Amino acid sequence: MSNSHPTEHELLKTILEPLLEDFQYWFSRARALLESEQISFLSPEEQAHLLKRIKTAQQEVNAAKMLFKATGEQAGIDTATLVPWHQLVAQCWQVAMRWRSLKGKLSQDSDSSDPNLAP
C-alpha cells in the first residue's frame with residue numbers, strides 16, 4: 001500500500017511556495033499604490049513608514065524564497081516570521097479598501113455636481 005499522507009517536502013512545496021508568492025504579490029501592489037498616490041487619510045510620515053515596512057517585508061520574503069529554493073525546498077519558515085507579514089498584508093488591504101472607497105465617493109460627488117451628467 002502506498003502512503004496517502006503527503007511528505008513534509010510536498011507540504012512545504014504545496015503550501016509555502018504559493019504563500020510566499022502571495023506575499024510578494026500583495027506587497028508589490030501595496031507598494032505601487034503607496035508610491036503612486038498620496039493617501040489622504042495617512043500623514044506623509046505614516047505613508048512613508050508603511051512603505052518602508054513593505055519594502056523591508058519584500059526583502060524578507062525574497063530572502064525566505066531564495067533560502068527555500070537553495071535548500072531544495074526543504075526549509076520551512078517559523079510562524080513568528082509569517083504572522084507579521086500577514087498582519088502587514090491585512091493593514092495594506094485596509095488602506096487600499098479605504099482609499100478606493102474614498103476615491104469612489106469623490107468620483108461620485110464630482111459626477112453629481114457636473115450639470116452635463118444630470119438626468
# chains A, B, ... in the order shown; residues from 1 in each chain; ligands from 1

call {"tool": "closest_atom_pairs", "arguments": {"of": "range 9-53 of chain A", "to": "range 87-91 of chain A", "cutoff": "10 Å", "atoms": "only C-alpha atoms", "output": "JSON lines"}}
result
{"residue": "A:Asp22", "atom": "CA", "partner": "A:Val89", "partner_atom": "CA", "distance": 9.6}
{"residue": "A:Phe23", "atom": "CA", "partner": "A:Val89", "partner_atom": "CA", "distance": 7.4}
{"residue": "A:Trp26", "atom": "CA", "partner": "A:Val89", "partner_atom": "CA", "distance": 6.6}
{"residue": "A:Phe27", "atom": "CA", "partner": "A:Val89", "partner_atom": "CA", "distance": 6.9}
{"residue": "A:Ala30", "atom": "CA", "partner": "A:Val89", "partner_atom": "CA", "distance": 8.4}
{"residue": "A:Leu50", "atom": "CA", "partner": "A:Leu88", "partner_atom": "CA", "distance": 8.8}
{"residue": "A:Arg53", "atom": "CA", "partner": "A:Leu88", "partner_atom": "CA", "distance": 8.1}

call {"tool": "residues_around", "arguments": {"residues": "range 4-12 of chain A", "least_positions_apart": "3", "cutoff": "7 Å", "atoms": "only C-alpha atoms", "output": "JSON, numbers by chain"}}
result
{"A": [15, 16, 17, 73, 74, 76]}

call {"tool": "select_by_dssp", "arguments": {"residues": "chain A", "states": "alpha helix (DSSP H)", "output": "ChimeraX atom specification"}}
result
/A:8-11,17-36,44-70,79-112

call {"tool": "write_last_selection", "arguments": {"atoms": "C-alpha atoms", "output": "compact mmCIF listing (two decimals), in the first residue's frame"}}
result
# COMPACT_ATOMS: atom_id res chain seq x y z
CA GLU A 8 6.95 17.32 4.64
CA HIS A 9 8.62 18.31 1.37
CA GLU A 10 5.32 18.04 -0.51
CA LEU A 11 3.54 20.10 2.17
CA GLU A 17 5.69 28.31 -2.13
CA PRO A 18 2.25 29.78 -3.04
CA LEU A 19 2.14 31.64 0.27
CA LEU A 20 5.43 33.37 -0.48
CA GLU A 21 4.15 34.22 -3.97
CA ASP A 22 1.01 35.73 -2.41
CA PHE A 23 3.10 37.87 -0.07
CA GLN A 24 5.18 39.10 -3.00
CA TYR A 25 2.04 39.91 -4.98
CA TRP A 26 0.23 41.83 -2.22
CA PHE A 27 3.32 43.70 -1.08
CA SER A 28 4.09 44.77 -4.65
CA ARG A 29 0.51 46.01 -5.14
CA ALA A 30 0.60 47.94 -1.88
CA ARG A 31 3.99 49.37 -2.72
CA ALA A 32 2.77 50.52 -6.14
CA LEU A 33 -0.22 52.25 -4.54
CA LEU A 34 1.85 53.99 -1.88
CA GLU A 35 4.49 55.08 -4.38
CA SER A 36 1.99 56.45 -6.89
CA PRO A 44 3.14 61.74 4.78
CA GLU A 45 5.13 60.24 7.66
CA GLU A 46 2.62 57.40 8.13
CA GLN A 47 2.63 56.66 4.42
CA ALA A 48 6.43 56.70 4.29
CA HIS A 49 6.63 54.42 7.35
CA LEU A 50 4.15 51.95 5.85
CA LEU A 51 6.06 51.97 2.57
CA LYS A 52 9.32 51.33 4.42
CA ARG A 53 7.75 48.38 6.27
CA ILE A 54 6.51 46.96 2.96
CA LYS A 55 9.94 47.28 1.36
CA THR A 56 11.53 45.53 4.35
CA ALA A 57 8.93 42.75 4.21
CA GLN A 58 9.54 42.33 0.48
CA GLN A 59 13.26 41.85 1.15
CA GLU A 60 12.47 39.32 3.89
CA VAL A 61 10.07 37.38 1.67
CA ASN A 62 12.62 37.37 -1.16
CA ALA A 63 15.29 36.07 1.22
CA ALA A 64 12.94 33.36 2.52
CA LYS A 65 12.08 32.35 -1.03
CA MET A 66 15.75 32.15 -2.01
CA LEU A 67 16.52 30.07 1.11
CA PHE A 68 13.60 27.79 0.32
CA LYS A 69 14.89 27.24 -3.21
CA ALA A 70 18.55 26.95 -2.12
CA THR A 79 5.23 31.19 12.14
CA ALA A 80 6.77 34.01 14.18
CA THR A 81 8.10 35.28 10.86
CA LEU A 82 4.89 34.72 8.91
CA VAL A 83 2.50 36.42 11.36
CA PRO A 84 3.90 39.96 10.94
CA TRP A 85 3.75 39.53 7.16
CA HIS A 86 0.10 38.50 7.40
CA GLN A 87 -0.61 41.47 9.66
CA LEU A 88 1.10 43.84 7.23
CA VAL A 89 -0.86 42.43 4.28
CA ALA A 90 -4.09 42.91 6.26
CA GLN A 91 -3.11 46.51 7.01
CA CYS A 92 -2.34 47.09 3.33
CA TRP A 93 -5.74 45.68 2.36
CA GLN A 94 -7.44 48.03 4.83
CA VAL A 95 -5.59 51.05 3.44
CA ALA A 96 -6.37 50.04 -0.16
CA MET A 97 -10.06 49.41 0.56
CA ARG A 98 -10.44 52.72 2.37
CA TRP A 99 -8.55 54.56 -0.36
CA ARG A 100 -10.73 53.00 -3.10
CA SER A 101 -13.86 53.80 -1.12
CA LEU A 102 -12.87 57.44 -0.67
CA LYS A 103 -11.74 57.72 -4.28
CA GLY A 104 -15.06 56.27 -5.47
CA LYS A 105 -17.01 58.63 -3.22
CA LEU A 106 -15.05 61.62 -4.51
CA SER A 107 -15.68 60.48 -8.08
CA GLN A 108 -19.43 60.15 -7.42
CA ASP A 109 -19.53 63.57 -5.75
CA SER A 110 -17.78 65.22 -8.69
CA ASP A 111 -20.04 63.38 -11.17
CA SER A 112 -23.20 64.51 -9.39

call {"tool": "decode", "arguments": {"residues": "range 32-70 of chain A", "atoms": "N, CA and C atoms", "output": "compact mmCIF listing (two decimals), in the first residue's frame"}}
result
# COMPACT_ATOMS: atom_id res chain seq x y z
N ALA A 32 3.12 49.72 -4.96
CA ALA A 32 2.77 50.52 -6.14
C ALA A 32 1.76 51.60 -5.77
N LEU A 33 0.78 51.26 -4.96
CA LEU A 33 -0.22 52.25 -4.54
C LEU A 33 0.44 53.36 -3.73
N LEU A 34 1.24 52.99 -2.75
CA LEU A 34 1.85 53.99 -1.88
C LEU A 34 2.88 54.85 -2.60
N GLU A 35 3.50 54.30 -3.63
CA GLU A 35 4.49 55.08 -4.38
C GLU A 35 3.84 55.98 -5.44
N SER A 36 2.61 55.68 -5.82
CA SER A 36 1.99 56.45 -6.89
C SER A 36 0.89 57.41 -6.43
N GLU A 37 0.40 57.24 -5.22
CA GLU A 37 -0.72 58.05 -4.73
C GLU A 37 -0.39 58.67 -3.38
N GLN A 38 -0.96 59.84 -3.15
CA GLN A 38 -0.93 60.43 -1.80
C GLN A 38 -2.21 59.98 -1.12
N ILE A 39 -2.07 59.18 -0.09
CA ILE A 39 -3.22 58.64 0.62
C ILE A 39 -3.67 59.69 1.63
N SER A 40 -4.85 60.26 1.39
CA SER A 40 -5.30 61.44 2.14
C SER A 40 -5.50 61.18 3.62
N PHE A 41 -5.83 59.97 4.01
CA PHE A 41 -6.08 59.69 5.42
C PHE A 41 -4.82 59.24 6.17
N LEU A 42 -3.69 59.21 5.48
CA LEU A 42 -2.40 58.95 6.11
C LEU A 42 -1.55 60.21 6.03
N SER A 43 -0.87 60.51 7.10
CA SER A 43 0.08 61.63 7.04
C SER A 43 1.23 61.19 6.13
N PRO A 44 1.98 62.14 5.60
CA PRO A 44 3.14 61.74 4.78
C PRO A 44 4.11 60.83 5.54
N GLU A 45 4.25 61.07 6.84
CA GLU A 45 5.13 60.24 7.66
C GLU A 45 4.57 58.83 7.80
N GLU A 46 3.25 58.73 8.01
CA GLU A 46 2.62 57.40 8.13
C GLU A 46 2.74 56.63 6.82
N GLN A 47 2.53 57.31 5.72
CA GLN A 47 2.63 56.66 4.42
C GLN A 47 4.07 56.21 4.17
N ALA A 48 5.02 57.06 4.48
CA ALA A 48 6.43 56.70 4.29
C ALA A 48 6.82 55.53 5.19
N HIS A 49 6.32 55.51 6.42
CA HIS A 49 6.63 54.42 7.35
C HIS A 49 6.03 53.10 6.85
N LEU A 50 4.78 53.15 6.38
CA LEU A 50 4.15 51.95 5.85
C LEU A 50 4.90 51.44 4.62
N LEU A 51 5.29 52.35 3.76
CA LEU A 51 6.06 51.97 2.57
C LEU A 51 7.39 51.33 2.96
N LYS A 52 8.04 51.89 3.95
CA LYS A 52 9.32 51.33 4.42
C LYS A 52 9.12 49.92 4.97
N ARG A 53 8.05 49.71 5.72
CA ARG A 53 7.75 48.38 6.27
C ARG A 53 7.49 47.39 5.15
N ILE A 54 6.80 47.84 4.11
CA ILE A 54 6.51 46.96 2.96
C ILE A 54 7.81 46.59 2.24
N LYS A 55 8.66 47.56 2.02
CA LYS A 55 9.94 47.28 1.36
C LYS A 55 10.77 46.29 2.16
N THR A 56 10.79 46.46 3.48
CA THR A 56 11.53 45.53 4.35
C THR A 56 10.93 44.13 4.26
N ALA A 57 9.60 44.05 4.31
CA ALA A 57 8.93 42.75 4.21
C ALA A 57 9.21 42.09 2.86
N GLN A 58 9.23 42.88 1.80
CA GLN A 58 9.54 42.33 0.48
C GLN A 58 10.94 41.71 0.47
N GLN A 59 11.90 42.39 1.08
CA GLN A 59 13.26 41.85 1.15
C GLN A 59 13.28 40.55 1.96
N GLU A 60 12.52 40.53 3.06
CA GLU A 60 12.47 39.32 3.89
C GLU A 60 11.83 38.16 3.13
N VAL A 61 10.75 38.43 2.44
CA VAL A 61 10.07 37.38 1.67
C VAL A 61 11.00 36.88 0.56
N ASN A 62 11.68 37.78 -0.11
CA ASN A 62 12.62 37.37 -1.16
C ASN A 62 13.73 36.50 -0.59
N ALA A 63 14.25 36.87 0.58
CA ALA A 63 15.29 36.07 1.22
C ALA A 63 14.76 34.69 1.61
N ALA A 64 13.54 34.64 2.15
CA ALA A 64 12.94 33.36 2.52
C ALA A 64 12.73 32.49 1.29
N LYS A 65 12.31 33.11 0.20
CA LYS A 65 12.08 32.35 -1.03
C LYS A 65 13.40 31.80 -1.58
N MET A 66 14.44 32.61 -1.54
CA MET A 66 15.75 32.15 -2.01
C MET A 66 16.27 31.01 -1.13
N LEU A 67 16.09 31.13 0.19
CA LEU A 67 16.52 30.07 1.11
C LEU A 67 15.74 28.79 0.84
N PHE A 68 14.44 28.93 0.62
CA PHE A 68 13.60 27.79 0.32
C PHE A 68 14.10 27.07 -0.93
N LYS A 69 14.40 27.83 -1.96
CA LYS A 69 14.89 27.24 -3.21
C LYS A 69 16.30 26.67 -3.03
N ALA A 70 17.17 27.38 -2.30
CA ALA A 70 18.55 26.95 -2.12
C ALA A 70 18.66 25.66 -1.33
